Every structure is written in C-alpha cells, then in structure tokens.
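What follows is the content of my_file_29.cif, which has mmCIF, C-alpha atoms:
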data_work
#
loop_
_atom_site.group_PDB
_atom_site.id
_atom_site.type_symbol
_atom_site.label_atom_id
_atom_site.label_comp_id
_atom_site.auth_asym_id
_atom_site.auth_seq_id
_atom_site.Cartn_x
_atom_site.Cartn_y
_atom_site.Cartn_z
ATOM 1 C CA MET A 9 -17.757 16.538 9.093
ATOM 2 C CA ILE A 10 -21.061 14.908 8.045
ATOM 3 C CA LYS A 11 -19.138 11.958 6.591
ATOM 4 C CA ASN A 12 -17.338 11.446 9.920
ATOM 5 C CA LEU A 13 -20.596 11.609 11.876
ATOM 6 C CA VAL A 14 -22.204 9.037 9.583
ATOM 7 C CA HIS A 15 -19.168 6.784 9.965
ATOM 8 C CA CYS A 16 -19.287 7.061 13.774
ATOM 9 C CA PHE A 17 -23.009 6.240 13.725
ATOM 10 C CA LEU A 18 -22.386 3.122 11.646
ATOM 11 C CA VAL A 19 -19.656 1.982 14.026
ATOM 12 C CA LEU A 20 -21.906 2.446 17.068
ATOM 13 C CA PHE A 21 -24.811 0.746 15.295
ATOM 14 C CA ALA A 22 -22.726 -2.258 14.338
ATOM 15 C CA LEU A 23 -21.269 -2.558 17.824
ATOM 16 C CA SER A 24 -24.644 -2.288 19.520
ATOM 17 C CA ALA A 25 -26.198 -4.822 17.130
ATOM 18 C CA CYS A 26 -23.558 -7.376 18.020
ATOM 19 C CA LYS A 27 -23.816 -6.748 21.750
ATOM 20 C CA GLN A 28 -27.586 -6.739 22.195
ATOM 21 C CA PRO A 29 -28.745 -9.485 24.595
ATOM 22 C CA GLY A 30 -30.083 -12.358 22.532
ATOM 23 C CA SER A 31 -28.678 -10.932 19.321
ATOM 24 C CA LYS A 32 -28.035 -13.618 16.722
ATOM 25 C CA ILE A 33 -25.260 -11.635 15.045
ATOM 26 C CA GLU A 34 -21.993 -13.441 15.663
ATOM 27 C CA PRO A 35 -18.795 -12.975 13.667
ATOM 28 C CA GLU A 36 -18.290 -15.607 10.995
ATOM 29 C CA TYR A 37 -14.542 -14.943 11.094
ATOM 30 C CA ILE A 38 -12.227 -13.746 13.857
ATOM 31 C CA LEU A 39 -8.882 -12.569 12.496
ATOM 32 C CA ARG A 40 -5.841 -12.182 14.769
ATOM 33 C CA PHE A 41 -3.604 -9.247 13.806
ATOM 34 C CA GLY A 42 -0.188 -9.034 15.520
ATOM 35 C CA HIS A 43 2.690 -6.562 15.384
ATOM 36 C CA LEU A 44 5.824 -5.643 17.348
ATOM 37 C CA ALA A 45 5.077 -1.976 18.183
ATOM 38 C CA ASN A 46 3.323 -0.650 21.290
ATOM 39 C CA GLU A 47 -0.114 0.934 21.640
ATOM 40 C CA ASN A 48 1.177 4.460 20.955
ATOM 41 C CA ASN A 49 2.763 3.560 17.634
ATOM 42 C CA ILE A 50 1.027 4.558 14.398
ATOM 43 C CA TRP A 51 1.101 0.908 13.256
ATOM 44 C CA HIS A 52 -1.167 0.032 16.158
ATOM 45 C CA LYS A 53 -3.491 2.954 15.477
ATOM 46 C CA ALA A 54 -3.673 1.953 11.816
ATOM 47 C CA ALA A 55 -4.394 -1.670 12.761
ATOM 48 C CA LEU A 56 -7.276 -0.523 14.987
ATOM 49 C CA LYS A 57 -8.604 1.563 12.088
ATOM 50 C CA PHE A 58 -8.501 -1.543 9.896
ATOM 51 C CA ALA A 59 -10.367 -3.564 12.543
ATOM 52 C CA GLU A 60 -13.029 -0.883 12.759
ATOM 53 C CA GLU A 61 -13.443 -0.636 8.985
ATOM 54 C CA VAL A 62 -13.701 -4.413 8.557
ATOM 55 C CA PHE A 63 -16.259 -4.726 11.342
ATOM 56 C CA VAL A 64 -18.487 -1.938 10.009
ATOM 57 C CA ARG A 65 -18.233 -2.849 6.324
ATOM 58 C CA SER A 66 -18.936 -6.535 7.022
ATOM 59 C CA GLU A 67 -21.806 -5.640 9.387
ATOM 60 C CA GLY A 68 -20.194 -7.665 12.142
ATOM 61 C CA ARG A 69 -19.461 -10.767 10.069
ATOM 62 C CA VAL A 70 -15.706 -10.288 10.510
ATOM 63 C CA GLU A 71 -13.972 -9.240 13.727
ATOM 64 C CA VAL A 72 -10.287 -8.310 13.784
ATOM 65 C CA LYS A 73 -8.489 -8.579 17.117
ATOM 66 C CA VAL A 74 -5.261 -6.572 17.327
ATOM 67 C CA TYR A 75 -2.293 -7.709 19.431
ATOM 68 C CA PRO A 76 0.593 -5.200 19.861
ATOM 69 C CA ASN A 77 3.922 -5.612 21.683
ATOM 70 C CA GLU A 78 4.775 -9.027 20.210
ATOM 71 C CA GLN A 79 1.894 -10.565 22.188
ATOM 72 C CA LEU A 80 1.584 -13.237 19.497
ATOM 73 C CA GLY A 81 5.320 -13.819 19.393
ATOM 74 C CA LYS A 82 8.379 -12.252 17.874
ATOM 75 C CA GLU A 83 8.289 -11.329 14.191
ATOM 76 C CA MET A 84 9.624 -14.677 12.974
ATOM 77 C CA ASP A 85 7.177 -16.510 15.260
ATOM 78 C CA MET A 86 4.271 -14.507 13.860
ATOM 79 C CA ILE A 87 5.200 -15.353 10.272
ATOM 80 C CA THR A 88 5.306 -19.026 11.269
ATOM 81 C CA GLY A 89 1.999 -18.551 13.080
ATOM 82 C CA ILE A 90 0.298 -17.198 9.965
ATOM 83 C CA LEU A 91 1.653 -20.020 7.824
ATOM 84 C CA GLY A 92 0.500 -22.523 10.472
ATOM 85 C CA GLY A 93 -2.948 -20.946 10.836
ATOM 86 C CA SER A 94 -2.692 -19.855 14.505
ATOM 87 C CA MET A 95 -2.929 -16.159 13.528
ATOM 88 C CA ASP A 96 -3.886 -14.278 10.399
ATOM 89 C CA ILE A 97 -2.352 -10.821 9.833
ATOM 90 C CA MET A 98 0.872 -9.034 10.771
ATOM 91 C CA VAL A 99 3.200 -6.168 9.848
ATOM 92 C CA THR A 100 6.553 -7.317 8.468
ATOM 93 C CA ALA A 101 9.279 -6.364 6.024
ATOM 94 C CA GLU A 102 12.881 -7.501 5.704
ATOM 95 C CA SER A 103 12.351 -10.566 7.918
ATOM 96 C CA LEU A 104 10.561 -12.111 4.942
ATOM 97 C CA GLU A 105 14.019 -12.667 3.485
ATOM 98 C CA ASN A 106 14.338 -15.633 5.852
ATOM 99 C CA TRP A 107 11.510 -17.369 3.964
ATOM 100 C CA SER A 108 13.560 -17.458 0.752
ATOM 101 C CA LEU A 109 11.994 -14.275 -0.557
ATOM 102 C CA PRO A 110 14.836 -12.567 -2.410
ATOM 103 C CA TYR A 111 12.645 -9.646 -3.502
ATOM 104 C CA ALA A 112 11.331 -8.879 -0.012
ATOM 105 C CA ILE A 113 14.643 -7.510 1.227
ATOM 106 C CA LEU A 114 14.503 -4.778 -1.418
ATOM 107 C CA CYS A 115 11.817 -2.951 0.581
ATOM 108 C CA ALA A 116 14.469 -2.322 3.256
ATOM 109 C CA THR A 117 17.810 -2.286 1.441
ATOM 110 C CA PRO A 118 20.396 0.250 2.657
ATOM 111 C CA PHE A 119 20.495 3.376 0.483
ATOM 112 C CA ALA A 120 18.136 1.955 -2.178
ATOM 113 C CA ILE A 121 15.414 4.597 -1.680
ATOM 114 C CA ARG A 122 16.243 8.295 -1.959
ATOM 115 C CA ASP A 123 13.257 9.935 -0.285
ATOM 116 C CA SER A 124 9.522 9.677 0.419
ATOM 117 C CA ASP A 125 8.486 10.560 -3.142
ATOM 118 C CA HIS A 126 10.792 7.888 -4.560
ATOM 119 C CA LEU A 127 9.422 5.359 -2.069
ATOM 120 C CA GLN A 128 5.802 6.086 -3.027
ATOM 121 C CA LYS A 129 6.594 5.522 -6.701
ATOM 122 C CA VAL A 130 8.434 2.252 -6.034
ATOM 123 C CA ALA A 131 6.167 0.640 -3.416
ATOM 124 C CA GLY A 132 2.973 1.889 -5.053
ATOM 125 C CA GLY A 133 4.067 1.216 -8.627
ATOM 126 C CA PRO A 134 4.845 -1.760 -10.888
ATOM 127 C CA ILE A 135 7.921 -2.816 -8.884
ATOM 128 C CA GLY A 136 5.870 -2.890 -5.698
ATOM 129 C CA LYS A 137 3.251 -5.073 -7.393
ATOM 130 C CA GLU A 138 5.966 -7.487 -8.530
ATOM 131 C CA ILE A 139 7.300 -7.771 -4.990
ATOM 132 C CA GLU A 140 3.788 -8.344 -3.606
ATOM 133 C CA ALA A 141 3.069 -11.087 -6.163
ATOM 134 C CA HIS A 142 6.398 -12.702 -5.354
ATOM 135 C CA ILE A 143 5.652 -12.744 -1.604
ATOM 136 C CA THR A 144 2.237 -14.332 -2.190
ATOM 137 C CA GLU A 145 3.519 -16.942 -4.624
ATOM 138 C CA VAL A 146 6.606 -18.019 -2.694
ATOM 139 C CA ALA A 147 5.537 -17.641 0.943
ATOM 140 C CA GLY A 148 1.751 -17.867 0.898
ATOM 141 C CA LEU A 149 1.513 -14.440 2.546
ATOM 142 C CA LYS A 150 -0.747 -11.935 0.835
ATOM 143 C CA PRO A 151 0.278 -8.268 1.168
ATOM 144 C CA ILE A 152 -2.910 -6.259 1.680
ATOM 145 C CA ALA A 153 -1.295 -2.882 2.429
ATOM 146 C CA TRP A 154 2.091 -1.225 2.908
ATOM 147 C CA PHE A 155 3.276 1.344 5.419
ATOM 148 C CA GLU A 156 5.955 3.943 4.750
ATOM 149 C CA ARG A 157 8.596 3.796 7.450
ATOM 150 C CA GLY A 158 10.733 6.571 8.823
ATOM 151 C CA ALA A 159 14.411 6.412 7.929
ATOM 152 C CA ARG A 160 16.423 4.052 10.141
ATOM 153 C CA ASN A 161 19.050 5.867 12.206
ATOM 154 C CA LEU A 162 21.763 4.533 14.477
ATOM 155 C CA THR A 163 21.577 5.239 18.224
ATOM 156 C CA THR A 164 24.610 4.882 20.511
ATOM 157 C CA ASN A 165 26.183 6.287 23.671
ATOM 158 C CA VAL A 166 29.192 7.632 21.774
ATOM 159 C CA PRO A 167 28.917 9.944 18.745
ATOM 160 C CA VAL A 168 29.358 8.209 15.386
ATOM 161 C CA ARG A 169 30.333 10.441 12.466
ATOM 162 C CA GLN A 170 32.411 8.091 10.328
ATOM 163 C CA PRO A 171 32.295 4.311 9.807
ATOM 164 C CA ASP A 172 35.617 4.145 11.698
ATOM 165 C CA ASP A 173 33.751 5.261 14.838
ATOM 166 C CA LEU A 174 31.856 1.948 14.806
ATOM 167 C CA LYS A 175 34.889 -0.196 15.555
ATOM 168 C CA GLY A 176 34.258 -2.363 18.598
ATOM 169 C CA LEU A 177 30.591 -1.385 18.904
ATOM 170 C CA ILE A 178 28.045 -4.208 19.201
ATOM 171 C CA ILE A 179 24.979 -3.106 17.248
ATOM 172 C CA ARG A 180 21.614 -4.856 17.425
ATOM 173 C CA VAL A 181 20.119 -5.581 14.007
ATOM 174 C CA PRO A 182 17.008 -7.481 12.879
ATOM 175 C CA ASN A 183 17.506 -11.153 12.046
ATOM 176 C CA VAL A 184 18.347 -10.364 8.418
ATOM 177 C CA SER A 185 21.540 -11.529 6.750
ATOM 178 C CA LEU A 186 21.895 -8.378 4.620
ATOM 179 C CA TYR A 187 21.871 -6.180 7.738
ATOM 180 C CA VAL A 188 24.502 -8.355 9.372
ATOM 181 C CA ALA A 189 26.689 -8.108 6.253
ATOM 182 C CA THR A 190 26.169 -4.347 5.941
ATOM 183 C CA TRP A 191 27.022 -3.459 9.529
ATOM 184 C CA SER A 192 30.004 -5.806 9.459
ATOM 185 C CA ALA A 193 31.275 -3.985 6.362
ATOM 186 C CA LEU A 194 30.803 -0.674 8.185
ATOM 187 C CA GLY A 195 33.076 -1.913 10.967
ATOM 188 C CA ALA A 196 30.574 -2.735 13.721
ATOM 189 C CA LYS A 197 29.830 -6.054 15.408
ATOM 190 C CA PRO A 198 26.200 -6.704 14.446
ATOM 191 C CA THR A 199 24.090 -9.070 16.548
ATOM 192 C CA PRO A 200 20.562 -10.162 15.530
ATOM 193 C CA MET A 201 18.048 -9.765 18.342
ATOM 194 C CA ALA A 202 14.277 -9.502 18.820
ATOM 195 C CA PHE A 203 13.127 -5.912 19.272
ATOM 196 C CA SER A 204 11.532 -6.702 22.635
ATOM 197 C CA GLU A 205 14.984 -7.510 24.057
ATOM 198 C CA VAL A 206 16.694 -4.300 22.907
ATOM 199 C CA PHE A 207 15.969 -1.952 25.843
ATOM 200 C CA THR A 208 17.264 -4.345 28.515
ATOM 201 C CA SER A 209 20.296 -5.262 26.420
ATOM 202 C CA LEU A 210 21.202 -1.589 25.991
ATOM 203 C CA GLN A 211 20.611 -0.957 29.673
ATOM 204 C CA GLN A 212 22.971 -3.797 30.597
ATOM 205 C CA SER A 213 25.513 -2.852 27.880
ATOM 206 C CA THR A 214 25.161 -6.274 26.286
ATOM 207 C CA ILE A 215 24.868 -4.230 23.100
ATOM 208 C CA HIS A 216 26.090 -0.677 22.472
ATOM 209 C CA GLY A 217 23.602 0.547 19.917
ATOM 210 C CA GLN A 218 20.709 -0.218 17.606
ATOM 211 C CA GLU A 219 19.135 1.234 14.460
ATOM 212 C CA ASN A 220 15.486 2.113 13.960
ATOM 213 C CA PRO A 221 13.154 4.941 12.886
ATOM 214 C CA PHE A 222 12.350 7.767 15.324
ATOM 215 C CA ALA A 223 8.939 6.259 16.152
ATOM 216 C CA LEU A 224 10.324 2.984 17.494
ATOM 217 C CA ILE A 225 13.160 4.777 19.324
ATOM 218 C CA ARG A 226 10.557 6.919 21.047
ATOM 219 C CA ASN A 227 7.887 4.318 21.736
ATOM 220 C CA ALA A 228 10.361 1.798 23.130
ATOM 221 C CA GLY A 229 11.858 4.437 25.431
ATOM 222 C CA LEU A 230 15.335 3.950 23.980
ATOM 223 C CA TYR A 231 16.151 7.606 24.676
ATOM 224 C CA GLU A 232 16.468 6.541 28.337
ATOM 225 C CA VAL A 233 19.451 4.320 27.522
ATOM 226 C CA GLN A 234 20.918 5.972 24.396
ATOM 227 C CA LYS A 235 22.430 9.458 24.219
ATOM 228 C CA TYR A 236 23.094 9.962 20.500
ATOM 229 C CA CYS A 237 20.973 9.593 17.394
ATOM 230 C CA ASN A 238 23.448 9.404 14.519
ATOM 231 C CA MET A 239 21.677 10.512 11.327
ATOM 232 C CA THR A 240 22.794 7.701 9.048
ATOM 233 C CA GLU A 241 19.340 7.458 7.415
ATOM 234 C CA HIS A 242 20.691 4.254 5.926
ATOM 235 C CA VAL A 243 17.335 2.651 5.174
ATOM 236 C CA LYS A 244 14.263 4.414 3.858
ATOM 237 C CA GLY A 245 11.758 1.683 3.264
ATOM 238 C CA TRP A 246 8.324 0.285 3.776
ATOM 239 C CA ALA A 247 6.675 -2.579 5.626
ATOM 240 C CA TYR A 248 3.899 -4.862 4.439
ATOM 241 C CA VAL A 249 0.709 -5.795 6.189
ATOM 242 C CA VAL A 250 0.369 -9.440 5.180
ATOM 243 C CA MET A 251 -2.458 -11.919 5.600
ATOM 244 C CA GLY A 252 -2.267 -15.676 5.222
ATOM 245 C CA ASN A 253 -3.248 -16.292 1.613
ATOM 246 C CA LYS A 254 -5.023 -19.557 2.467
ATOM 247 C CA LYS A 255 -7.200 -17.744 4.999
ATOM 248 C CA PHE A 256 -7.897 -14.941 2.529
ATOM 249 C CA GLU A 257 -8.821 -17.364 -0.255
ATOM 250 C CA SER A 258 -11.071 -19.344 2.108
ATOM 251 C CA MET A 259 -13.300 -16.303 2.720
ATOM 252 C CA PRO A 260 -16.304 -15.436 0.516
ATOM 253 C CA ALA A 261 -15.610 -13.006 -2.338
ATOM 254 C CA ASP A 262 -17.597 -10.193 -0.713
ATOM 255 C CA LEU A 263 -15.570 -10.457 2.501
ATOM 256 C CA GLN A 264 -12.316 -10.599 0.535
ATOM 257 C CA GLN A 265 -13.308 -7.319 -1.085
ATOM 258 C CA ILE A 266 -14.101 -5.810 2.325
ATOM 259 C CA ILE A 267 -10.674 -6.872 3.619
ATOM 260 C CA LEU A 268 -8.948 -5.197 0.663
ATOM 261 C CA GLU A 269 -11.064 -2.027 0.854
ATOM 262 C CA SER A 270 -10.453 -1.740 4.603
ATOM 263 C CA ALA A 271 -6.731 -2.308 4.065
ATOM 264 C CA HIS A 272 -6.695 0.543 1.545
ATOM 265 C CA VAL A 273 -8.298 2.839 4.140
ATOM 266 C CA MET A 274 -5.774 1.643 6.746
ATOM 267 C CA GLN A 275 -2.844 2.388 4.428
ATOM 268 C CA ALA A 276 -4.025 5.937 3.721
ATOM 269 C CA TYR A 277 -4.714 6.515 7.426
ATOM 270 C CA GLU A 278 -1.268 5.254 8.455
ATOM 271 C CA HIS A 279 0.371 7.548 5.899
ATOM 272 C CA GLU A 280 -1.434 10.588 7.335
ATOM 273 C CA LEU A 281 -0.300 9.633 10.822
ATOM 274 C CA TYR A 282 3.256 9.029 9.600
ATOM 275 C CA LEU A 283 3.579 12.486 8.056
ATOM 276 C CA GLU A 284 2.340 14.127 11.261
ATOM 277 C CA GLN A 285 4.358 11.958 13.614
ATOM 278 C CA GLU A 286 7.833 11.970 12.078
ATOM 279 C CA GLU A 287 8.697 15.552 13.063
ATOM 280 C CA LEU A 288 6.928 15.244 16.422
ATOM 281 C CA ASP A 289 9.018 12.188 17.273
ATOM 282 C CA ARG A 290 12.284 13.962 16.527
ATOM 283 C CA LEU A 291 11.282 16.946 18.666
ATOM 284 C CA PHE A 292 10.286 14.602 21.481
ATOM 285 C CA LEU A 293 13.656 12.815 21.396
ATOM 286 C CA GLU A 294 15.487 16.141 21.429
ATOM 287 C CA GLU A 295 13.454 17.269 24.438
ATOM 288 C CA LYS A 296 14.388 14.030 26.194
ATOM 289 C CA GLY A 297 18.061 14.886 25.771
ATOM 290 C CA MET A 298 19.133 12.931 22.703
ATOM 291 C CA GLU A 299 21.764 14.662 20.587
ATOM 292 C CA PHE A 300 21.466 14.403 16.814
ATOM 293 C CA ILE A 301 24.784 13.818 15.046
ATOM 294 C CA GLU A 302 25.358 14.559 11.357
ATOM 295 C CA VAL A 303 27.387 11.783 9.734
ATOM 296 C CA ASP A 304 29.510 11.413 6.628
ATOM 297 C CA LYS A 305 26.695 9.825 4.658
ATOM 298 C CA GLU A 306 28.826 9.312 1.537
ATOM 299 C CA ALA A 307 31.303 7.184 3.494
ATOM 300 C CA PHE A 308 28.484 5.099 4.975
ATOM 301 C CA GLU A 309 26.756 4.692 1.604
ATOM 302 C CA LYS A 310 29.955 3.629 -0.170
ATOM 303 C CA LEU A 311 30.737 0.799 2.258
ATOM 304 C CA ALA A 312 27.083 -0.234 2.657
ATOM 305 C CA SER A 313 26.505 -0.373 -1.121
ATOM 306 C CA GLU A 314 29.563 -2.577 -1.574
ATOM 307 C CA ALA A 315 28.161 -4.986 1.046
ATOM 308 C CA VAL A 316 24.744 -4.966 -0.654
ATOM 309 C CA MET A 317 26.194 -5.776 -4.071
ATOM 310 C CA ALA A 318 28.346 -8.562 -2.590
ATOM 311 C CA SER A 319 25.275 -10.081 -0.890
ATOM 312 C CA PHE A 320 22.801 -9.827 -3.777
ATOM 313 C CA THR A 321 22.065 -12.374 -6.470
ATOM 314 C CA GLU A 322 22.021 -11.276 -10.115
ATOM 315 C CA GLU A 323 18.205 -11.107 -9.961
ATOM 316 C CA GLN A 324 18.302 -8.863 -6.915
ATOM 317 C CA LYS A 325 20.951 -6.625 -8.471
ATOM 318 C CA LYS A 326 18.755 -6.096 -11.541
ATOM 319 C CA LEU A 327 15.733 -5.161 -9.426
ATOM 320 C CA TYR A 328 17.901 -2.947 -7.208
ATOM 321 C CA LYS A 329 19.073 -1.099 -10.334
ATOM 322 C CA ARG A 330 15.473 -0.709 -11.554
ATOM 323 C CA ILE A 331 14.515 0.754 -8.159
ATOM 324 C CA GLN A 332 17.314 3.310 -8.354
ATOM 325 C CA GLU A 333 16.269 4.246 -11.909
ATOM 326 C CA VAL A 334 12.717 5.179 -10.851
ATOM 327 C CA LYS A 335 12.416 8.977 -11.116
#

Please render this file's structure as structure tokens.
Amino acid sequence: MIKNLVHCFLVLFALSACKQPGSKIEPEYILRFGHLANENNIWHKAALKFAEEVFVRSEGRVEVKVYPNEQLGKEMDMITGILGGSMDIMVTAESLENWSLPYAILCATPFAIRDSDHLQKVAGGPIGKEIEAHITEVAGLKPIAWFERGARNLTTNVPVRQPDDLKGLIIRVPNVSLYVATWSALGAKPTPMAFSEVFTSLQQSTIHGQENPFALIRNAGLYEVQKYCNMTEHVKGWAYVVMGNKKFESMPADLQQIILESAHVMQAYEHELYLEQEELDRLFLEEKGMEFIEVDKEAFEKLASEAVMASFTEEQKKLYKRIQEVK
C-alpha cells in the first residue's frame, strides 16, 4: 500500500513539474507507441503503464505517447514506420515473418506451444533470447518485452467441429504466409486482412469467420456478428513489444536502462491483467450469446502440423523441435 502511494506521489510530482508555467523541464525524447487493439484491451493498459513508468523514472526526460486502434497505421505500416523513424514502439508478432525473420513466426506457430507454463519457459528462456537477438540483428527492431496471448480460436456463424466443416468458408487471417498455408490445409479459404476491416467484412459476409483470442473478439465487438466460438486453440503464443534499435541505441545509456526497466514492469503488469481477463472475456462472450463449440483438436492438429512442416525451412524445423522438447 505504502509503495503504491509513493509511486502515485512520484507520478503526480513529475507531471506537475513538467506542467508548471515557466517550467524549463521539457522531454528530451518523445516516443510514439502504436498498437492495433482498442482502449479497453490489456495491451493498451500495459502500454499506458509503460509510458507512466518511463516518464517517472526519467523525471520527465522521456515522454511516451500511446496510439491504439491502428491510429499510426496497420501492423505492417507500423513496422515500416519504426524502420523509417516516423514512430518508435509497437506490439507485433507473426507479421515479422514478412521482414525475412524466419524465427519470428515460431512465437505464433499452430500447435507449437502446449500451455501457459510451456510458453513462459520458451519465451522467457534461452530460445526466446535467441529469437529476440535474431529480430534485432535482421530487422533492426529491438524486443523490449513480450506479452502472453490468449489462445486463438475460430469464430463463425456455423458450428465447426471437424476440419471438413470449414469447406467453403472464407476465413480472415493475418498477413502471414504460414497462416494462409495452415488454413488452406484445413480446408478453408483464408484471406489476409487488416484487423480493423474484420467487423465490417463479417457484417457484410465478405468473410465468414476469423480467428483471434477472446480479448480481441470481445474488444472488437465480433460477438455482434459471429454466433460460434469454435475452441480450436490452434495458436498459443506471445507478442513482442519492439522498439527501433537505431532509436534505442541513439539514447543515452541511463535512458536505455530506464526503457528496459520500464518494459520489464510493463511485461509483468500485462501478465497480471492477462490472467485476470482471460476468464472474464469468455464469460462476457457467453453472456452476449456466443456458443462455445468443442472441436476434434487431434484432427485439426494433424492437418495443421503437416502444413507447418511443409512450410518450414530446415532451420525452422530444428527450432520448432527444440520448442516442443522444452519441459
């Protein structure tokens, strides 16, 4: 309790110091942090926590401005924006595959991660560090934190219990070649699309379904246009909070340390929120009328794993095997 009160006092002190008339305290750096979720999503709450921590710890020298709802562009645009220097930080995952990052896709590979404990050991262990180093070296994006994501489930307006039930269904997927290959192998017609376009496309029946964790299904209001949540749980993964490495390296060492410390706080905070929110989101969707359908997970995993192996390089297959061997 005392710790929280002290923290609140420091926040108010720092804010008031920067806003006093005639105050000479101006931020040396303004960092733009974008993501695709809305203001109610735990990613946004975690990003605001990061902004607060950075501001207080740097005594106002660094200000982080957070932009939800794809305000800075769609995910691919934001990655380009960071690399071009027009923004600085974002939340991303499998879309990094499009920047020739073969290891990045492993943080969101169908049926690679068994459960939350397995995920923590992979993302927070030596394999996770290898993936982070690879992203920095190849793409110039520095992972500063990672967020556990709820399992991705398929939503539709017809129940889907077996892969055969997908025939003829147009399913929105992220712009990731592995997802296109996987859903094609399962029998659907996958179509890449920005998340911001999903609700209207479902409403107009341009697409018949989509796949995402409970949180995004809830926060995007997809329960208004989708009746069934088919419990495929086909991806249990994590997302990275990445910062442009050039921007990070251009900052003084003390501010770099503050960024990393604040990111660590953000990661822990997001995980707390995630654990609380996952069950609440399912209950909310049930109350809104969504029906939860149990699927033949073995049938889905068999076809999906075949598609994964056919899509992966030898390097990726080796890392995939190492991930599955983590106990």

Select from region 135-253 of chain A every residue with an atom at most 12 Å from any atom of region 70-87 of chain A, then for each give the shortest pair of atoms and their distance in Å to one decimal, using all atoms listed in the file, rows by chain and rising number, as a Markdown table.
| residue | atom | partner | partner_atom | distance |
| --- | --- | --- | --- | --- |
| A:Ala147 | CA | A:Ile87 | CA | 9.6 |
| A:Gly148 | CA | A:Ile87 | CA | 10.3 |
| A:Leu149 | CA | A:Ile87 | CA | 8.6 |
| A:Lys150 | CA | A:Ile87 | CA | 11.7 |
| A:Pro182 | CA | A:Glu83 | CA | 9.6 |
| A:Asn183 | CA | A:Met84 | CA | 8.7 |
| A:Val184 | CA | A:Met84 | CA | 10.7 |
| A:Met201 | CA | A:Lys82 | CA | 10.0 |
| A:Ala202 | CA | A:Lys82 | CA | 6.6 |
| A:Phe203 | CA | A:Lys82 | CA | 8.0 |
| A:Ser204 | CA | A:Glu78 | CA | 7.5 |
| A:Glu205 | CA | A:Lys82 | CA | 10.2 |
| A:Leu224 | CA | A:Asn77 | CA | 11.5 |
| A:Asn227 | CA | A:Asn77 | CA | 10.7 |
| A:Ala228 | CA | A:Asn77 | CA | 9.9 |
| A:Val249 | CA | A:Ile87 | CA | 11.3 |
| A:Val250 | CA | A:Ile87 | CA | 9.2 |
| A:Met251 | CA | A:Ile87 | CA | 9.6 |
| A:Gly252 | CA | A:Ile87 | CA | 9.0 |

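Closest to Glu309 (chain A) among A:Ala153, A:Ile50, A:Val243, A:Cys237 is A:Val243, based on all atoms listed in the file.
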
Going by the chain IDs and residue numbers used in this file, which residues fall under the PyMOL selection byres ((chain A and resi 163) around 9)? Write them as number ranges by chain. A: 161-162, 164-168, 216-220, 225, 230-231, 234-239

I'd like the residues picked by the PyMOL selection byres ((chain A and resi 272) around 12) written out as a VMD selection string, using the chain letters and numbers from the file. chain A and resid 54 to 55 57 to 58 61 to 62 132 151 to 155 249 265 to 271 273 to 279

Using all atoms listed in the file for the distances, tell me which of A:Gly42, A:Lys325, A:Leu56, A:Thr190 is nearest to Ile97 (chain A).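 Ranking A:Gly42, A:Lys325, A:Leu56, A:Thr190 by distance to Ile97 (chain A), first place goes to A:Gly42.
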
Which distance in Å separates CA of Ala318 (chain A) and CA of Ala189 (chain A), to one decimal?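 Separation of CA of Ala318 (chain A) and CA of Ala189 (chain A): 9.0 Å.
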
Between A:Arg160, A:Lys305, A:Arg290, A:Lys137, smallest distance to Ala112 (chain A) by all atoms listed in the file belongs to A:Lys137

Measuring between all atoms listed in the file, which one of A:Ala193, A:Ala120, A:Ala159, A:Leu288 shows the shortest distance to Ala307 (chain A)?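 Among the listed residues, the smallest separation from Ala307 (chain A) belongs to A:Ala193.
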
Top pick for closest residue to Leu91 (chain A), considering A:Leu127, A:Val146, A:Ala141, A:Ile331 and counting all atoms listed in the file: A:Val146

Report, in Å to a single decimal, how far apart CA of Pro221 (chain A) and CA of Gly158 (chain A) are.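 Computed distance, CA of Gly158 (chain A) to CA of Pro221 (chain A), equals 5.0 Å.
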
Give me the residues within 12 Å of Leu327 (chain A) as a list of chain:residue names, counting all atoms listed in the file and dropping any in the same chain fewer than 6 places off.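 Near neighbours after the sequence-gap exclusion: A:Pro110, A:Tyr111, A:Ala112, A:Ile113, A:Leu114, A:Cys115, A:Thr117, A:Ala120, A:Val130, A:Pro134, A:Ile135, A:Gly136, A:Glu138, A:Ile139, A:Met317, A:Phe320, A:Thr321, A:Glu333, A:Val334.
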
Spell out the residues picked by the PyMOL selection byres ((chain A and resi 292) around 12) here, as a VMD selection string. chain A and resid 222 to 223 225 to 227 229 231 285 to 291 293 to 299

Please determine an axis-aligned box that encloses all atoms of region 257-272 of chain A listed in the file, with 6 Å added on each side, and express its centre and edge lengths in Å to one decimal as JSON.
{"center_x": -12.1, "center_y": -9.4, "center_z": 1.1, "size_x": 22.9, "size_y": 31.9, "size_z": 18.9}

Excluding same-chain residues fewer than 4 positions from Ser185 (chain A), what lies within 10 Å of it counting only C-alpha atoms, as an MDAnalysis selection string? chainID A and resid 102:103 105:106 113 181 189:190 200 319

File output, region 193-203 of chain A (N, CA and C atoms) as an mmCIF file, in the first residue's frame:
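Result written to result.cif:
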data_model
loop_
_atom_site.group_PDB
_atom_site.id
_atom_site.type_symbol
_atom_site.label_atom_id
_atom_site.label_comp_id
_atom_site.auth_asym_id
_atom_site.auth_seq_id
_atom_site.Cartn_x
_atom_site.Cartn_y
_atom_site.Cartn_z
ATOM 1 N N ALA A 193 -4.786 -25.857 -45.703
ATOM 2 C CA ALA A 193 -4.665 -27.298 -45.452
ATOM 3 C C ALA A 193 -5.844 -27.824 -44.641
ATOM 4 N N LEU A 194 -6.433 -26.964 -43.814
ATOM 5 C CA LEU A 194 -7.581 -27.359 -43.002
ATOM 6 C C LEU A 194 -8.880 -27.369 -43.806
ATOM 7 N N GLY A 195 -8.828 -26.813 -45.032
ATOM 8 C CA GLY A 195 -9.990 -26.859 -45.899
ATOM 9 C C GLY A 195 -10.730 -25.558 -46.080
ATOM 10 N N ALA A 196 -10.278 -24.492 -45.396
ATOM 11 C CA ALA A 196 -10.936 -23.188 -45.513
ATOM 12 C C ALA A 196 -10.364 -22.399 -46.687
ATOM 13 N N LYS A 197 -10.948 -21.226 -46.921
ATOM 14 C CA LYS A 197 -10.412 -20.286 -47.905
ATOM 15 C C LYS A 197 -9.891 -19.072 -47.134
ATOM 16 N N PRO A 198 -8.611 -19.099 -46.759
ATOM 17 C CA PRO A 198 -8.073 -17.990 -45.960
ATOM 18 C C PRO A 198 -7.855 -16.738 -46.787
ATOM 19 N N THR A 199 -8.137 -15.575 -46.182
ATOM 20 C CA THR A 199 -7.877 -14.301 -46.862
ATOM 21 C C THR A 199 -7.207 -13.340 -45.890
ATOM 22 N N PRO A 200 -5.987 -12.892 -46.182
ATOM 23 C CA PRO A 200 -5.314 -11.918 -45.303
ATOM 24 C C PRO A 200 -6.067 -10.586 -45.306
ATOM 25 N N MET A 201 -6.142 -9.973 -44.131
ATOM 26 C CA MET A 201 -6.896 -8.729 -43.996
ATOM 27 C C MET A 201 -6.462 -8.015 -42.720
ATOM 28 N N ALA A 202 -6.420 -6.688 -42.757
ATOM 29 C CA ALA A 202 -6.111 -5.914 -41.552
ATOM 30 C C ALA A 202 -7.223 -6.117 -40.525
ATOM 31 N N PHE A 203 -6.855 -6.127 -39.260
ATOM 32 C CA PHE A 203 -7.830 -6.390 -38.201
ATOM 33 C C PHE A 203 -8.941 -5.342 -38.173
#
